[in-house]
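Have a look at the structure below before the remarks.
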Amino acid sequence: MQSLELKIPPPLLALLIGVAMYLLAQMPPAIELPRLFRLTLSIAIAVLGFGYSVAGAIAFHQAKTTVNPMSPEKASSLVQSGIYKITRNPMYVGLFLVLCGWTVFLMSPFAAIGPLGFMFYINRFQIAPEERALTKLFGEEYMKYKARVRAWF
C-alpha cells in the first residue's frame, strides 16, 4: 500500500471525492431541509474550511517552508504558530470541512461517505508519510509538537 503514499495531491483528491459525492447524491433518498437553511449552513462550513486551509498556507509561506504536500522531506522549518497551535493539519482539516459543507448542500446520506473517505485516505496515505518525514527532519521537537497538538480537531 505504500505505493499510494504521497501520490495524489490533497486538493485534487478532495475535488475527485466531491465529484463522486455529487454522483452519489443523485441516488435516493434525499434529505429535505429548507433551501435557505441548507445553503447558509453549507456555505458557512465551507468558508470555515477555506479559512483553515488558507491560514495553514499563509503560516507555511511566512515560515518560508514548502507547502507542497507531495514532498514533506523538503520542509525547512517546523511550523507551530498560528493555526498550527490548534491542528497539525489545517489544510487537510479545511478540505475536510469544505467536503462537509458540500455534503450539507447535497443533502444526501450517501454523500456523507465523501468526507469520511477523504479523512481515511489522508490519514493513511498523506499524513502518515508526512509524519515519518517530519520525525526524521525535526526529531524530538516534532515528537513534542505531535504530543501537544491534535492531528485533526
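Identifiers in the C-alpha cells: chain A, B, ... in order shown; residue index from 1 per chain; ligand index from 1 in order shown.
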With a cut-off of 7 Å, could you pull out the residues of region 41-147 of chain A touching region 10-30 of chain A and give me the nearest pair of atoms for each, distance in Å to one decimal, using only C-alpha atoms, ordered by chain and ascending number, as JSON lines?
{"residue": "A:Leu95", "atom": "CA", "partner": "A:Ala14", "partner_atom": "CA", "distance": 6.6}
{"residue": "A:Leu99", "atom": "CA", "partner": "A:Gly18", "partner_atom": "CA", "distance": 6.6}
{"residue": "A:Leu106", "atom": "CA", "partner": "A:Ala25", "partner_atom": "CA", "distance": 6.3}
{"residue": "A:Met107", "atom": "CA", "partner": "A:Ala30", "partner_atom": "CA", "distance": 5.9}
{"residue": "A:Ser108", "atom": "CA", "partner": "A:Ala30", "partner_atom": "CA", "distance": 5.0}
{"residue": "A:Phe110", "atom": "CA", "partner": "A:Leu24", "partner_atom": "CA", "distance": 5.9}
{"residue": "A:Ala111", "atom": "CA", "partner": "A:Met21", "partner_atom": "CA", "distance": 4.6}
{"residue": "A:Gly114", "atom": "CA", "partner": "A:Ile17", "partner_atom": "CA", "distance": 5.8}
{"residue": "A:Phe118", "atom": "CA", "partner": "A:Ala14", "partner_atom": "CA", "distance": 6.9}
**Request:** Do a neighbour search on region 62-71 of chain A at 9 Å with only C-alpha atoms, toss out local chain neighbours closer than 5 positions, and write the hits as a PyMOL selection string.
**Result:** chain A and resi 5-10+56-57+76-79+126+130
**Request:** Check the smallest atom-to-atom distance from each of A:Phe37, A:Trp152, A:Tyr52, A:Phe138 to Asn123 (chain A) using only C-alpha atoms, then report the winner.
**Result:** A:Trp152
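Shortest separation to Ile83 (chain A) among A:Leu39, A:Leu134, A:Ala128, A:Ile58 occurs at residue A:Ile58, atoms counted being only C-alpha atoms.
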